$ cat structure_3.cif   # mmCIF, C-alpha atoms (C1' of nucleotides)
data_work
loop_
_atom_site.label_atom_id
_atom_site.label_comp_id
_atom_site.auth_asym_id
_atom_site.auth_seq_id
_atom_site.Cartn_x
_atom_site.Cartn_y
_atom_site.Cartn_z
CA MET A 20 -2.63 20.45 4.46
CA THR A 21 -4.11 17.91 6.77
CA ASN A 22 -4.60 14.26 5.99
CA SER A 23 -2.77 14.54 2.69
CA GLY A 24 -2.12 10.83 2.81
CA GLU A 25 -5.80 10.18 2.44
CA TYR A 26 -5.70 11.69 -1.05
CA VAL A 27 -2.65 9.71 -2.08
CA ARG A 28 -4.20 6.50 -0.86
CA GLY A 29 -4.86 4.20 -3.74
CA PHE A 30 -1.98 5.78 -5.64
CA THR A 31 0.83 4.95 -3.22
CA ASP A 32 1.92 1.81 -5.05
CA PHE A 33 1.94 3.58 -8.40
CA ILE A 34 3.91 6.54 -7.06
CA ILE A 35 6.57 4.09 -5.89
CA LEU A 36 6.55 2.14 -9.15
CA SER A 37 6.77 5.40 -11.07
CA ILE A 38 9.85 6.54 -9.16
CA LEU A 39 11.48 3.14 -9.57
CA SER A 40 10.79 3.17 -13.29
CA LYS A 41 13.14 6.18 -13.49
CA PHE A 42 15.93 4.86 -11.28
CA ASP A 43 16.57 2.44 -8.44
CA SER A 44 15.91 4.08 -5.10
CA TYR A 45 15.52 3.45 -1.39
CA GLY A 46 12.85 4.28 1.16
CA TYR A 47 14.33 7.39 2.66
CA GLU A 48 15.08 8.90 -0.73
CA MET A 49 11.59 8.16 -2.02
CA THR A 50 9.99 10.08 0.84
CA ARG A 51 12.32 13.00 -0.02
CA ILE A 52 11.32 12.80 -3.70
CA ILE A 53 7.61 12.91 -2.88
CA GLU A 54 8.21 15.74 -0.45
CA SER A 55 10.20 17.62 -3.06
CA VAL A 56 7.83 17.09 -6.01
CA SER A 57 4.78 18.04 -3.95
CA GLU A 58 6.60 21.02 -2.43
CA LYS A 59 5.93 19.54 0.99
CA ASN A 60 2.19 19.51 0.37
CA ILE A 61 2.00 15.76 0.26
CA GLN A 62 3.95 13.62 2.63
CA LEU A 63 3.99 9.91 2.42
CA ASN A 64 4.30 8.54 5.92
CA GLU A 65 7.41 6.47 6.38
CA ALA A 66 5.34 3.64 7.80
CA THR A 67 3.02 3.78 4.80
CA LEU A 68 5.98 3.65 2.45
CA TYR A 69 7.73 0.72 4.08
CA ILE A 70 4.50 -1.26 4.26
CA ALA A 71 3.85 -0.49 0.59
CA LEU A 72 7.37 -1.62 -0.33
CA LYS A 73 6.76 -4.87 1.52
CA ARG A 74 3.47 -5.31 -0.34
CA LEU A 75 5.07 -4.61 -3.72
CA LEU A 76 7.90 -7.05 -2.99
CA LYS A 77 5.37 -9.73 -2.04
CA ASP A 78 3.47 -9.07 -5.27
CA GLY A 79 6.64 -9.34 -7.36
CA MET A 80 6.40 -5.75 -8.59
CA ILE A 81 9.81 -4.83 -7.21
CA SER A 82 12.97 -6.54 -6.01
CA SER A 83 15.61 -5.30 -3.58
CA TYR A 84 19.33 -5.33 -2.90
CA THR A 85 21.54 -3.78 -0.23
CA GLY A 86 23.67 -0.78 -1.03
CA LYS A 87 26.39 1.10 0.78
CA ASN A 88 26.23 4.62 2.13
CA LYS A 89 28.95 6.97 3.33
CA LYS A 90 26.72 8.72 5.81
CA GLY A 91 24.14 6.94 7.94
CA MET A 92 23.24 3.30 7.91
CA GLY A 93 23.21 0.99 4.90
CA ARG A 94 20.57 1.54 2.29
CA ARG A 95 18.14 -0.98 0.92
CA TYR A 96 17.65 -0.30 -2.76
CA TYR A 97 14.56 -1.26 -4.70
CA GLN A 98 14.31 -2.07 -8.38
CA ILE A 99 11.23 -2.40 -10.55
CA THR A 100 10.56 -5.84 -12.09
CA PRO A 101 9.04 -6.53 -15.53
CA LYS A 102 5.74 -7.20 -13.75
CA GLY A 103 6.00 -3.82 -12.04
CA LYS A 104 6.79 -2.11 -15.35
CA LYS A 105 3.71 -3.61 -16.90
CA ALA A 106 1.57 -2.53 -13.95
CA ILE A 107 2.68 1.11 -14.11
CA LYS A 108 2.19 1.11 -17.89
CA VAL A 109 -1.40 -0.10 -17.51
CA PHE A 110 -2.02 2.35 -14.69
CA ARG A 111 -0.76 5.33 -16.67
CA LYS A 112 -3.37 4.63 -19.32
CA ASP A 113 -6.04 4.50 -16.61
CA TRP A 114 -4.71 7.64 -14.97
CA ILE A 115 -5.78 9.87 -17.84
CA MET A 116 -9.37 8.73 -17.36
CA ILE A 117 -9.17 8.87 -13.56
CA GLU A 118 -7.78 12.40 -13.64
CA ASN A 119 -10.45 13.65 -16.03
CA THR A 120 -13.25 11.99 -14.14
CA LEU A 121 -12.12 13.09 -10.71
CA SER A 122 -11.58 16.62 -12.00
CA SER A 123 -15.07 16.79 -13.45
CA LEU A 124 -16.66 15.31 -10.36
CA VAL A 125 -14.91 17.30 -7.65
CA GLY A 126 -14.81 20.43 -9.79
CA GLY A 127 -18.54 20.27 -10.51
CA ASN A 128 -18.05 20.83 -14.23
CA PHE A 129 -20.21 18.02 -15.52
CA GLU A 130 -23.67 17.78 -17.02
CA TYR A 131 -26.36 15.43 -15.86
CA TYR A 132 -29.86 15.33 -17.24
CA ARG A 133 -32.64 14.08 -15.03
CA GLU A 134 -35.27 11.94 -16.61
CA SER A 135 -38.17 12.74 -14.35
CA MET B 12 -11.08 -1.55 -14.63
CA THR B 13 -10.67 -3.34 -11.37
CA ASN B 14 -10.64 -1.75 -7.95
CA SER B 15 -11.70 1.62 -9.33
CA GLY B 16 -13.04 2.49 -5.90
CA GLU B 17 -9.53 2.39 -4.55
CA TYR B 18 -8.64 5.40 -6.68
CA VAL B 19 -11.68 7.38 -5.61
CA ARG B 20 -10.94 6.71 -1.97
CA GLY B 21 -10.18 9.90 -0.16
CA PHE B 22 -12.26 11.82 -2.69
CA THR B 23 -15.62 10.18 -2.02
CA ASP B 24 -16.84 12.84 0.39
CA PHE B 25 -15.84 15.64 -1.96
CA ILE B 26 -17.48 14.00 -4.96
CA ILE B 27 -20.72 13.89 -2.99
CA LEU B 28 -20.36 17.47 -1.76
CA SER B 29 -19.58 18.58 -5.29
CA ILE B 30 -22.74 16.99 -6.69
CA LEU B 31 -24.84 18.46 -3.88
CA SER B 32 -23.38 21.90 -4.49
CA LYS B 33 -25.04 21.77 -7.92
CA PHE B 34 -28.43 20.41 -6.85
CA ASP B 35 -30.09 18.38 -4.11
CA SER B 36 -29.86 14.68 -4.89
CA TYR B 37 -30.40 11.23 -3.45
CA GLY B 38 -28.21 8.15 -3.13
CA TYR B 39 -29.37 6.20 -6.13
CA GLU B 40 -29.12 9.22 -8.42
CA MET B 41 -25.62 10.04 -7.21
CA THR B 42 -24.35 6.58 -8.11
CA ARG B 43 -25.88 7.10 -11.57
CA ILE B 44 -24.19 10.50 -11.91
CA ILE B 45 -20.78 9.08 -11.03
CA GLU B 46 -21.37 6.18 -13.40
CA SER B 47 -22.39 8.58 -16.15
CA VAL B 48 -19.60 11.15 -15.70
CA SER B 49 -16.95 8.43 -15.55
CA GLU B 50 -18.49 6.59 -18.49
CA LYS B 51 -18.83 3.55 -16.26
CA ASN B 52 -15.11 3.54 -15.54
CA ILE B 53 -15.53 4.48 -11.93
CA GLN B 54 -18.27 3.04 -9.84
CA LEU B 55 -18.92 4.12 -6.33
CA ASN B 56 -20.22 1.16 -4.40
CA GLU B 57 -23.70 1.74 -3.02
CA ALA B 58 -22.53 0.72 0.44
CA THR B 59 -19.61 3.16 0.21
CA LEU B 60 -21.99 5.93 -0.80
CA TYR B 61 -24.56 5.36 1.90
CA ILE B 62 -21.89 5.11 4.58
CA ALA B 63 -20.32 8.31 3.28
CA LEU B 64 -23.71 10.06 3.38
CA LYS B 65 -24.12 8.96 6.97
CA ARG B 66 -20.66 10.29 7.79
CA LEU B 67 -21.32 13.62 6.09
CA LEU B 68 -24.63 13.97 7.93
CA LYS B 69 -22.90 13.26 11.23
CA ASP B 70 -20.26 15.87 10.41
CA GLY B 71 -22.90 18.47 9.54
CA MET B 72 -21.74 18.76 5.92
CA ILE B 73 -25.14 17.79 4.55
CA SER B 74 -28.74 17.58 5.73
CA SER B 75 -31.57 15.40 4.43
CA TYR B 76 -35.29 15.38 3.77
CA THR B 77 -37.69 12.83 2.35
CA GLY B 78 -39.06 13.24 -1.15
CA LYS B 79 -41.72 11.51 -3.16
CA ASN B 80 -41.25 9.36 -6.19
CA LYS B 81 -43.67 8.08 -8.81
CA LYS B 82 -41.74 4.93 -9.47
CA GLY B 83 -40.00 2.88 -6.80
CA MET B 84 -39.79 3.62 -3.13
CA GLY B 85 -39.53 7.07 -1.53
CA ARG B 86 -36.36 9.01 -2.02
CA ARG B 87 -34.19 10.51 0.65
CA TYR B 88 -32.81 13.77 -0.63
CA TYR B 89 -29.60 15.35 0.59
CA GLN B 90 -28.75 19.03 0.69
CA ILE B 91 -25.37 20.66 1.28
CA THR B 92 -25.02 22.82 4.39
CA PRO B 93 -22.94 26.03 4.72
CA LYS B 94 -20.27 23.91 6.44
CA GLY B 95 -20.28 21.53 3.49
CA LYS B 96 -20.03 24.42 1.04
CA LYS B 97 -17.01 25.73 2.86
CA ALA B 98 -15.39 22.28 2.87
CA ILE B 99 -15.77 21.78 -0.88
CA LYS B 100 -14.48 25.31 -1.50
CA VAL B 101 -11.34 24.61 0.52
CA PHE B 102 -10.91 21.23 -1.15
CA ARG B 103 -11.15 22.66 -4.65
CA LYS B 104 -8.18 24.87 -3.93
CA ASP B 105 -6.23 21.86 -2.68
CA TRP B 106 -7.32 19.78 -5.66
CA ILE B 107 -5.27 21.83 -8.12
CA MET B 108 -2.15 21.01 -6.17
CA ILE B 109 -3.12 17.37 -5.61
CA GLU B 110 -3.81 16.88 -9.31
CA ASN B 111 -0.52 18.43 -10.40
CA THR B 112 1.49 16.51 -7.85
CA LEU B 113 -0.16 13.16 -8.47
CA SER B 114 0.20 13.68 -12.21
CA SER B 115 3.90 14.41 -11.92
CA LEU B 116 4.51 11.52 -9.56
CA VAL B 117 2.57 8.77 -11.31
CA GLY B 118 3.47 10.10 -14.75
CA GLY B 119 7.17 10.16 -13.95
CA ASN B 120 7.62 13.67 -15.33
CA PHE B 121 9.52 15.18 -12.45
CA GLU B 122 13.14 16.04 -11.80
CA TYR B 123 15.09 15.00 -8.77
CA TYR B 124 18.74 15.69 -8.22
CA ARG B 125 20.70 13.42 -5.98
CA GLU B 126 23.24 14.99 -3.70
CA SER B 127 25.67 12.12 -3.46
"C1'" DA C 5 -52.12 -12.69 -12.29
"C1'" DG C 6 -47.46 -13.60 -11.36
"C1'" DA C 7 -42.62 -12.92 -12.36
"C1'" DT C 8 -39.09 -9.88 -13.34
"C1'" DA C 9 -36.70 -5.55 -13.74
"C1'" DA C 10 -35.80 -1.05 -12.20
"C1'" DT C 11 -35.82 2.07 -8.65
"C1'" DA C 12 -34.35 3.03 -3.89
"C1'" DC C 13 -32.30 2.55 0.88
"C1'" DA C 14 -29.56 0.28 4.50
"C1'" DT C 15 -26.27 -2.34 7.39
"C1'" DA C 16 -23.16 -6.10 9.35
"C1'" DA C 17 -18.79 -8.46 8.81
"C1'" DA C 18 -14.47 -8.73 6.67
"C1'" DA C 19 -10.56 -6.83 4.23
"C1'" DA C 20 -7.36 -3.32 3.05
"C1'" DG C 21 -4.56 0.36 3.77
"C1'" DG C 22 -2.94 4.48 6.43
"C1'" DT C 23 -1.53 6.78 10.94
"C1'" DT C 24 0.55 7.04 15.36
"C1'" DA C 25 4.02 5.72 18.11
"C1'" DT C 26 8.06 3.61 18.93
"C1'" DA C 27 12.56 1.23 18.32
"C1'" DT C 28 16.92 0.61 16.23
"C1'" DA C 29 21.49 1.74 13.64
"C1'" DT C 30 25.29 4.68 11.68
"C1'" DA C 31 28.09 8.72 10.93
"C1'" DA C 32 28.83 13.68 10.67
"C1'" DA C 33 28.58 18.00 12.95
"C1'" DT C 34 28.41 20.92 17.05
"C1'" DA D 22 29.44 13.94 24.43
"C1'" DT D 23 25.26 15.25 22.45
"C1'" DT D 24 22.55 16.43 18.68
"C1'" DT D 25 21.25 16.12 13.86
"C1'" DA D 26 20.68 13.78 9.59
"C1'" DT D 27 20.44 9.62 7.39
"C1'" DA D 28 18.10 5.14 7.16
"C1'" DT D 29 14.97 0.96 8.19
"C1'" DA D 30 11.19 -1.40 10.51
"C1'" DT D 31 6.93 -2.93 12.96
"C1'" DA D 32 2.95 -3.33 16.31
"C1'" DA D 33 -1.53 -1.42 17.55
"C1'" DC D 34 -5.08 1.27 16.24
"C1'" DC D 35 -8.27 3.74 13.14
"C1'" DT D 36 -10.80 4.72 9.04
"C1'" DT D 37 -12.82 3.57 4.88
"C1'" DT D 38 -14.06 0.35 1.29
"C1'" DT D 39 -15.84 -4.15 -0.27
"C1'" DT D 40 -18.67 -8.13 -0.06
"C1'" DA D 41 -22.83 -9.86 0.97
"C1'" DT D 42 -27.34 -9.55 2.17
"C1'" DG D 43 -31.98 -7.74 3.15
"C1'" DT D 44 -35.93 -4.80 2.47
"C1'" DA D 45 -39.53 -1.82 -0.07
"C1'" DT D 46 -42.17 0.04 -4.11
"C1'" DT D 47 -43.83 0.34 -8.78
"C1'" DA D 48 -43.76 -0.59 -13.84
"C1'" DT D 49 -43.35 -3.84 -17.36
"C1'" DC D 50 -43.35 -8.19 -19.45
"C1'" DT D 51 -45.39 -12.80 -20.31
#
$ encode --input "structure_3.cif" --output "structure tokens"
Amino acid sequence: MTNSGEYVRGFTDFIILSILSKFDSYGYEMTRIIESVSEKNIQLNEATLYIALKRLLKDGMISSYTGKNKKGMGRRYYQITPKGKKAIKVFRKDWIMIENTLSSLVGGNFEYYRES
Amino acid sequence: MTNSGEYVRGFTDFIILSILSKFDSYGYEMTRIIESVSEKNIQLNEATLYIALKRLLKDGMISSYTGKNKKGMGRRYYQITPKGKKAIKVFRKDWIMIENTLSSLVGGNFEYYRES
DNA sequence: AGATAATACATAAAAAGGTTATATATAAAT
DNA sequence: ATTTATATATAACCTTTTTATGTATTATCT
């Protein structure tokens, strides 16, 4: 699938917050999670992810701390903040509507009555 | 809902193609359709729509012709081309996967097993 | 008759976010 | 010793959306 990132755009921040609401994680692992859950159909660019993490840090949605690693270089772990928890909670309510609406619109299963 | 457009981003072109695969339409009507289907939760900016129409025309996904109107100024109708039909067909297959993946990711209902 | 609302299209400038490309660091495996 | 896997990071560019603004036509309201 080409340009898969284009579809995820707008949801990137919430994908990250959603992962971090399950457990603390780090950049490299998060790209693996997305790859795994999407069965390699969606891939979040590393650059996109790190920029998003920076943005979320700036906005106080997440915090970070350094962690050790046996293999490879040291990891930078991210943790969701209360503000981030609230944001993902609000979003999940919206998501139901977004999903239904997008499905109807792109699927063509909607009714529309013309006046004239 | 704020920034609803941000969620639709990446899907704009396919929403338009989907509408036009049902019937020929014009800009103003398409914004009304999206407004109506989403129950005013999602609103596609007029500027976003007209730029997208321009893009789709350039890419040969749609064609256009002028139509009359009793009330208000003349309408510019858009019609989906064979290329556009093919594009929406391909997208609709992808959409099933995108929807499932996004749902799992933002909903947090996925499993991931750490190695270490 | 004049003002307003609804219908309709269009574009420039700015902002936001993603992609491409590249650089760096560490440790295990070959 | 070199390659592979793990891990982070950013600059430059590209695409798309948003904000703001302008124009045109007709019906309705006062």
$ resolve_selection --input "structure_3.cif" --expression "the PyMOL selection byres ((chain B) within 6 of (chain D))" --output "list in words"
Lys82, Gly83 and Met84 of chain B
$ resolve_selection --input "structure_3.cif" --expression "the PyMOL selection byres ((chain A) within 9 of (chain C))" --output "short mmCIF file (atom, residue, chain, number, x, y, z; two decimals) with C-alpha atoms, in the coordinates of the input"
data_model
loop_
_atom_site.label_atom_id
_atom_site.label_comp_id
_atom_site.auth_asym_id
_atom_site.auth_seq_id
_atom_site.Cartn_x
_atom_site.Cartn_y
_atom_site.Cartn_z
CA GLY A 24 -2.12 10.83 2.81
CA GLU A 25 -5.80 10.18 2.44
CA ARG A 28 -4.20 6.50 -0.86
CA GLY A 29 -4.86 4.20 -3.74
CA ASN A 64 4.30 8.54 5.92
CA ALA A 66 5.34 3.64 7.80
CA THR A 67 3.02 3.78 4.80
CA LYS A 89 28.95 6.97 3.33
CA LYS A 90 26.72 8.72 5.81
CA GLY A 91 24.14 6.94 7.94
CA MET A 92 23.24 3.30 7.91
CA GLY A 93 23.21 0.99 4.90
#
$ resolve_selection --input "structure_3.cif" --expression "the PyMOL selection byres ((chain A) within 7 of (chain B))" --output "PyMOL selection string"
chain A and resi 25-26+28-30+33-34+37-38+52+56-57+111+120+124-127+129+131
$ write_last_selection --input "structure_3.cif" --atoms "C-alpha atoms" --output "PDB file, keeping the file's coordinate frame"
ATOM      1  CA  GLU A  25      -5.800  10.180   2.440  1.00  0.00           C
ATOM      2  CA  TYR A  26      -5.700  11.690  -1.050  1.00  0.00           C
ATOM      3  CA  ARG A  28      -4.200   6.500  -0.860  1.00  0.00           C
ATOM      4  CA  GLY A  29      -4.860   4.200  -3.740  1.00  0.00           C
ATOM      5  CA  PHE A  30      -1.980   5.780  -5.640  1.00  0.00           C
ATOM      6  CA  PHE A  33       1.940   3.580  -8.400  1.00  0.00           C
ATOM      7  CA  ILE A  34       3.910   6.540  -7.060  1.00  0.00           C
ATOM      8  CA  SER A  37       6.770   5.400 -11.070  1.00  0.00           C
ATOM      9  CA  ILE A  38       9.850   6.540  -9.160  1.00  0.00           C
ATOM     10  CA  ILE A  52      11.320  12.800  -3.700  1.00  0.00           C
ATOM     11  CA  VAL A  56       7.830  17.090  -6.010  1.00  0.00           C
ATOM     12  CA  SER A  57       4.780  18.040  -3.950  1.00  0.00           C
ATOM     13  CA  ARG A 111      -0.760   5.330 -16.670  1.00  0.00           C
ATOM     14  CA  THR A 120     -13.250  11.990 -14.140  1.00  0.00           C
ATOM     15  CA  LEU A 124     -16.660  15.310 -10.360  1.00  0.00           C
ATOM     16  CA  VAL A 125     -14.910  17.300  -7.650  1.00  0.00           C
ATOM     17  CA  GLY A 126     -14.810  20.430  -9.790  1.00  0.00           C
ATOM     18  CA  GLY A 127     -18.540  20.270 -10.510  1.00  0.00           C
ATOM     19  CA  PHE A 129     -20.210  18.020 -15.520  1.00  0.00           C
ATOM     20  CA  TYR A 131     -26.360  15.430 -15.860  1.00  0.00           C
TER      21      TYR A 131
END
$ residues_around --input "structure_3.cif" --residues "range 89-96 of chain B" --least-positions-apart "3" --cutoff "9 Å" --atoms "all atoms listed in the file" --output "PDB file with C-alpha atoms, in the frame of the given file"
ATOM      1  CA  LEU B  28     -20.360  17.470  -1.760  1.00  0.00           C
ATOM      2  CA  SER B  29     -19.580  18.580  -5.290  1.00  0.00           C
ATOM      3  CA  LEU B  31     -24.840  18.460  -3.880  1.00  0.00           C
ATOM      4  CA  SER B  32     -23.380  21.900  -4.490  1.00  0.00           C
ATOM      5  CA  PHE B  34     -28.430  20.410  -6.850  1.00  0.00           C
ATOM      6  CA  ASP B  35     -30.090  18.380  -4.110  1.00  0.00           C
ATOM      7  CA  SER B  36     -29.860  14.680  -4.890  1.00  0.00           C
ATOM      8  CA  TYR B  37     -30.400  11.230  -3.450  1.00  0.00           C
ATOM      9  CA  GLY B  38     -28.210   8.150  -3.130  1.00  0.00           C
ATOM     10  CA  LEU B  64     -23.710  10.060   3.380  1.00  0.00           C
ATOM     11  CA  LEU B  67     -21.320  13.620   6.090  1.00  0.00           C
ATOM     12  CA  LEU B  68     -24.630  13.970   7.930  1.00  0.00           C
ATOM     13  CA  ASP B  70     -20.260  15.870  10.410  1.00  0.00           C
ATOM     14  CA  GLY B  71     -22.900  18.470   9.540  1.00  0.00           C
ATOM     15  CA  MET B  72     -21.740  18.760   5.920  1.00  0.00           C
ATOM     16  CA  ILE B  73     -25.140  17.790   4.550  1.00  0.00           C
ATOM     17  CA  SER B  74     -28.740  17.580   5.730  1.00  0.00           C
ATOM     18  CA  SER B  75     -31.570  15.400   4.430  1.00  0.00           C
ATOM     19  CA  TYR B  76     -35.290  15.380   3.770  1.00  0.00           C
ATOM     20  CA  THR B  77     -37.690  12.830   2.350  1.00  0.00           C
ATOM     21  CA  ILE B  99     -15.770  21.780  -0.880  1.00  0.00           C
ATOM     22  CA  LYS B 100     -14.480  25.310  -1.500  1.00  0.00           C
ATOM     23  CA  VAL B 101     -11.340  24.610   0.520  1.00  0.00           C
TER      24      VAL B 101
END
$ atom_distance --input "structure_3.cif" --atom1 "CA of Glu46 in chain B" --atom2 "CA of Arg66 in chain B"
21.6 Å
$ atom_distance --input "structure_3.cif" --atom1 "CA of Ala71 in chain A" --atom2 "CA of Glu57 in chain B"
27.9 Å
$ axis_aligned_box --input "structure_3.cif" --around "range 33-48 of chain B" --padding-each-side "5 Å" --output "JSON"
{"center_x": -25.0, "center_y": 14.0, "center_z": -9.6, "size_x": 20.8, "size_y": 25.6, "size_z": 23.0}
$ atom_distance --input "structure_3.cif" --atom1 "CA of Lys87 in chain A" --atom2 "CA of Tyr47 in chain A"
13.7 Å
